[in-house]
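Asks: Please find one structure pasted underneath; my questions will follow.
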Amino acid sequence: MIDLPIAPSKSDRKRKPDWLRVKLPIGPEYKKVRKLVDEYQLHTICQSGNCPNMGECWGAGTATFMILGNTCTRSCSFCAVKTGRPTEYDTDEPRRVAEAIDLMQVKHAVLTSVNRDELKDRGAEIWYQTVHQIKQRTPQVTIETLIPDVRGNWDALYRMIEGGQEVVSHNMETVRELYRKVRPQGKYDRSLEELRRIKESGKRTKTGFMVGLGETEEQVERILDDLIEVGVDVVTIGQYLQPTAMHLAVDSFVTPDTFAHYKAMGLEKGFDYVESGPLVRSSYHAEKHI
């Protein structure tokens, strides 16, 4: 998964509560990052996913890079990233990402990607090379990789996560009961198994899911229990926002008090870190999740 969209339909915009308002991205550091992203012809999930925290993160000189192109083979009903048949497979991309991260002088880098189901290795070699080249060029930089569903190709999974990154994340996206509607090409238990294997490989393990899609508190508690069972260390919980009129409608705007309740619930269950709030996205405050 990827970070969640912020551009709701007009009907959602009219009724969006005050706690979901965000500032427009401005400032010299934001402009510097934007210039480097454009110059190195890089994709960021900040832009492709219409992330609400782009101004804050880019203003601090950080960004989440999306490798393996910006066209996804999946058609999840919540996601703003375009769907289709990808044509991009750029073996020079790892070098450009590593060089850009060096120039940005970031301390913690986040990498994510679209799903590349058409590739036999799901893009694992590009994943490995990107992490490896970042570590070669800037060994002091810590890395989180937010990896896609490998559809049970565990050899691809292990190649993706052996480049030296400190945190490996794979997002569940939603509760079990809503999976078919929200993530029709995914499988709840398969994603849990992916997280279990990441943890067993010795990596700090992270996931995220959305609320406001019609889930109940009991279902939220069950997904938290499932995540604890497979060994997840860090969980992020954020509000779903409808990117276009063609995507799933928002069922409810979850209040800040409810997000605080979910955070307390998660910490009580044993997660090391719980990031829970209306504007929380997968890589929000990622530097704190190491």
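The chains in the structure tokens are called A, B, ... from first to last as shown; in each chain the residues are counted from 1, and the ligands are counted from 1 in the order shown.
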Using 12 Å as the limit and counting only C-alpha atoms, can you tabulate each residue of range 85-199 of chain A that touches range 232-255 of chain A, with its shortest atom-to-atom distance in Å and the two atoms involved, as a Markdown table?

Replies:
| residue | atom | partner | partner_atom | distance |
| --- | --- | --- | --- | --- |
| A:Glu144 | CA | A:Val234 | CA | 11.9 |
| A:Val167 | CA | A:Val234 | CA | 9.6 |
| A:Val168 | CA | A:Val232 | CA | 10.1 |
| A:Ser169 | CA | A:Val234 | CA | 8.8 |
| A:His170 | CA | A:Val232 | CA | 10.0 |
| A:Asn171 | CA | A:Val235 | CA | 9.0 |
| A:Met172 | CA | A:Val235 | CA | 9.8 |
| A:Glu173 | CA | A:Ile237 | CA | 9.1 |
| A:Thr174 | CA | A:Ile237 | CA | 9.6 |
| A:Val175 | CA | A:Ile237 | CA | 11.4 |
| A:Leu178 | CA | A:Leu248 | CA | 11.6 |
| A:Lys181 | CA | A:Leu248 | CA | 8.7 |
| A:Val182 | CA | A:Leu248 | CA | 7.8 |
| A:Arg183 | CA | A:Leu248 | CA | 10.9 |
| A:Ser191 | CA | A:Val232 | CA | 11.9 |
| A:Leu192 | CA | A:Val232 | CA | 9.5 |
| A:Glu193 | CA | A:Val232 | CA | 11.2 |
| A:Glu194 | CA | A:Val232 | CA | 10.8 |
| A:Leu195 | CA | A:Val232 | CA | 7.0 |
| A:Arg196 | CA | A:Val232 | CA | 7.7 |
| A:Arg197 | CA | A:Val232 | CA | 10.5 |
| A:Ile198 | CA | A:Val232 | CA | 9.0 |
| A:Lys199 | CA | A:Val232 | CA | 7.0 |

Asks: Neighbouring residues of Val141 in chain A were defined as those with any atom within 12 Å, considering only C-alpha atoms; residues of the same chain fewer than 5 positions away were excluded. Please report them as a list of chain:residue names.

Replies: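 The residues satisfying every condition are A:Thr62, A:Ala98, A:Ile101, A:Asp102, A:Met104, A:Gln105, A:Val106, A:Lys107, A:His108, A:Ala109, A:Val110, A:Val131, A:His132, A:Gln133, A:Ile134, A:Lys135, A:Gln136, A:Gly164, A:Gln165, A:Glu166, A:Glu287, A:Ile290.
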
Asks: Could you check which of A:Leu103, A:Arg96, A:Gly277, A:Leu111 is closest to Gly212 in chain A, using only C-alpha atoms?

Replies: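 Checking each of A:Leu103, A:Arg96, A:Gly277, A:Leu111 against Gly212 in chain A, counting only C-alpha atoms, the winner is A:Gly277.
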
Asks: Using the chain letters and numbers from this document, which residues of range 135-259 of chain A does DSSP assign to alpha helix (DSSP H), as a ChimeraX atom specification?

Replies: /A:135-137,154-160,179-182,188-200,217-229,256-259

Asks: Please dump the current selection as a CSV table (one decimal), in the first residue's frame; keep N, CA and C atoms.

Replies:
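Result file is selection-v3.csv:
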chain,number,residue,atom,x,y,z
A,135,LYS,N,22.2,2.7,0.6
A,135,LYS,CA,23.1,2.4,1.7
A,135,LYS,C,24.6,2.5,1.3
A,136,GLN,N,24.9,2.2,0.1
A,136,GLN,CA,26.3,2.4,-0.4
A,136,GLN,C,26.7,3.9,-0.4
A,137,ARG,N,25.8,4.7,-0.9
A,137,ARG,CA,26.1,6.1,-1.1
A,137,ARG,C,26.0,6.9,0.2
A,154,TRP,N,7.2,-15.7,-2.1
A,154,TRP,CA,8.0,-15.4,-1.0
A,154,TRP,C,9.5,-15.2,-1.3
A,155,ASP,N,9.9,-15.8,-2.4
A,155,ASP,CA,11.3,-15.5,-2.8
A,155,ASP,C,11.5,-14.1,-3.2
A,156,ALA,N,10.4,-13.5,-3.9
A,156,ALA,CA,10.5,-12.1,-4.2
A,156,ALA,C,10.4,-11.2,-2.9
A,157,LEU,N,9.6,-11.6,-2.0
A,157,LEU,CA,9.6,-10.9,-0.7
A,157,LEU,C,11.0,-10.9,-0.1
A,158,TYR,N,11.6,-12.0,0.1
A,158,TYR,CA,12.9,-12.0,0.7
A,158,TYR,C,14.0,-11.2,0.0
A,159,ARG,N,13.9,-11.2,-1.3
A,159,ARG,CA,14.8,-10.3,-2.1
A,159,ARG,C,14.5,-8.8,-1.8
A,160,MET,N,13.3,-8.5,-1.7
A,160,MET,CA,12.9,-7.1,-1.5
A,160,MET,C,13.5,-6.6,-0.2
A,179,TYR,N,-12.6,-6.3,3.1
A,179,TYR,CA,-11.5,-6.5,2.1
A,179,TYR,C,-12.0,-6.7,0.7
A,180,ARG,N,-13.0,-7.4,0.4
A,180,ARG,CA,-13.5,-7.6,-0.9
A,180,ARG,C,-13.9,-6.3,-1.6
A,181,LYS,N,-14.5,-5.4,-0.8
A,181,LYS,CA,-15.0,-4.2,-1.3
A,181,LYS,C,-13.8,-3.2,-1.5
A,182,VAL,N,-12.9,-3.1,-0.6
A,182,VAL,CA,-11.9,-2.1,-0.6
A,182,VAL,C,-10.6,-2.5,-1.4
A,188,TYR,N,-6.8,-10.8,2.8
A,188,TYR,CA,-6.5,-10.4,4.1
A,188,TYR,C,-5.4,-11.4,4.8
A,189,ASP,N,-5.7,-12.7,4.6
A,189,ASP,CA,-4.8,-13.6,5.3
A,189,ASP,C,-3.4,-13.7,4.6
A,190,ARG,N,-3.4,-13.4,3.3
A,190,ARG,CA,-2.1,-13.4,2.6
A,190,ARG,C,-1.2,-12.2,3.0
A,191,SER,N,-1.9,-11.1,3.3
A,191,SER,CA,-1.1,-9.9,3.8
A,191,SER,C,-0.6,-10.2,5.2
A,192,LEU,N,-1.4,-10.8,6.0
A,192,LEU,CA,-1.0,-11.2,7.3
A,192,LEU,C,0.2,-12.1,7.3
A,193,GLU,N,0.2,-13.1,6.3
A,193,GLU,CA,1.3,-14.0,6.2
A,193,GLU,C,2.6,-13.3,5.7
A,194,GLU,N,2.4,-12.3,4.9
A,194,GLU,CA,3.5,-11.5,4.4
A,194,GLU,C,4.2,-10.8,5.6
A,195,LEU,N,3.3,-10.2,6.4
A,195,LEU,CA,3.9,-9.5,7.6
A,195,LEU,C,4.5,-10.5,8.6
A,196,ARG,N,4.0,-11.6,8.7
A,196,ARG,CA,4.6,-12.6,9.6
A,196,ARG,C,6.0,-13.0,9.1
A,197,ARG,N,6.1,-13.2,7.8
A,197,ARG,CA,7.4,-13.6,7.2
A,197,ARG,C,8.4,-12.4,7.3
A,198,ILE,N,8.0,-11.2,7.2
A,198,ILE,CA,8.9,-10.1,7.4
A,198,ILE,C,9.4,-10.1,8.8
A,199,LYS,N,8.5,-10.2,9.8
A,199,LYS,CA,9.0,-10.3,11.2
A,199,LYS,C,9.9,-11.4,11.4
A,200,GLU,N,9.6,-12.6,10.9
A,200,GLU,CA,10.5,-13.7,11.1
A,200,GLU,C,11.8,-13.6,10.5
A,217,GLU,N,-16.0,-0.8,15.7
A,217,GLU,CA,-14.9,-0.8,16.7
A,217,GLU,C,-14.5,-2.2,17.0
A,218,GLU,N,-15.4,-3.2,17.0
A,218,GLU,CA,-15.0,-4.6,17.2
A,218,GLU,C,-14.1,-5.1,16.1
A,219,GLN,N,-14.4,-4.7,14.9
A,219,GLN,CA,-13.6,-5.1,13.8
A,219,GLN,C,-12.2,-4.5,13.8
A,220,VAL,N,-12.1,-3.3,14.3
A,220,VAL,CA,-10.8,-2.6,14.5
A,220,VAL,C,-10.0,-3.4,15.5
A,221,GLU,N,-10.7,-3.7,16.6
A,221,GLU,CA,-10.0,-4.5,17.6
A,221,GLU,C,-9.5,-5.8,17.1
A,222,ARG,N,-10.3,-6.5,16.3
A,222,ARG,CA,-9.9,-7.8,15.7
A,222,ARG,C,-8.6,-7.7,14.8
A,223,ILE,N,-8.6,-6.6,14.0
A,223,ILE,CA,-7.4,-6.5,13.1
A,223,ILE,C,-6.2,-6.2,14.0
A,224,LEU,N,-6.3,-5.4,15.0
A,224,LEU,CA,-5.2,-5.2,15.9
A,224,LEU,C,-4.7,-6.5,16.6
A,225,ASP,N,-5.6,-7.3,17.0
A,225,ASP,CA,-5.3,-8.6,17.5
A,225,ASP,C,-4.5,-9.5,16.5
A,226,ASP,N,-5.0,-9.5,15.3
A,226,ASP,CA,-4.4,-10.2,14.2
A,226,ASP,C,-3.0,-9.8,14.0
A,227,LEU,N,-2.8,-8.4,14.0
A,227,LEU,CA,-1.4,-7.9,13.7
A,227,LEU,C,-0.5,-8.2,14.9
A,228,ILE,N,-0.9,-8.1,16.1
A,228,ILE,CA,-0.1,-8.5,17.2
A,228,ILE,C,0.3,-10.0,17.1
A,229,GLU,N,-0.6,-10.8,16.7
A,229,GLU,CA,-0.3,-12.2,16.6
A,229,GLU,C,0.8,-12.6,15.6
A,256,PRO,N,-11.3,12.8,16.3
A,256,PRO,CA,-10.0,12.7,16.9
A,256,PRO,C,-10.1,11.9,18.2
A,257,ASP,N,-11.2,12.0,19.0
A,257,ASP,CA,-11.3,11.2,20.2
A,257,ASP,C,-11.3,9.7,19.9
A,258,THR,N,-12.0,9.3,18.9
A,258,THR,CA,-12.0,7.9,18.5
A,258,THR,C,-10.6,7.4,18.1
A,259,PHE,N,-9.9,8.3,17.3
A,259,PHE,CA,-8.5,7.9,17.0
A,259,PHE,C,-7.6,7.8,18.2

Asks: Taking only range 114-150 of chain A into account, list the residues labelled strand (DSSP E or B) by DSSP (computed from the backbone), as a ChimeraX atom specification.

Replies: /A:142-146

Asks: Please indicate the distance in Å from CA of Ala124 in chain A to CA of Ile161 in chain A, rounded to one decimal place.

Replies: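 Computing it gives 8.6 Å between the two atoms.
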
Asks: Please measure the separation of CA of Cys76 in chain A and CA of Leu146 in chain A, giving the value in Å to one decimal.

Replies: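 Between CA of Cys76 in chain A and CA of Leu146 in chain A the gap works out to 16.7 Å.
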
Asks: For a quick check of understanding, using only C-alpha atoms, which of A:Trp127, A:Tyr262, A:Phe65, A:Phe78 has the smallest distance to Thr91 in chain A?

Replies: A:Trp127
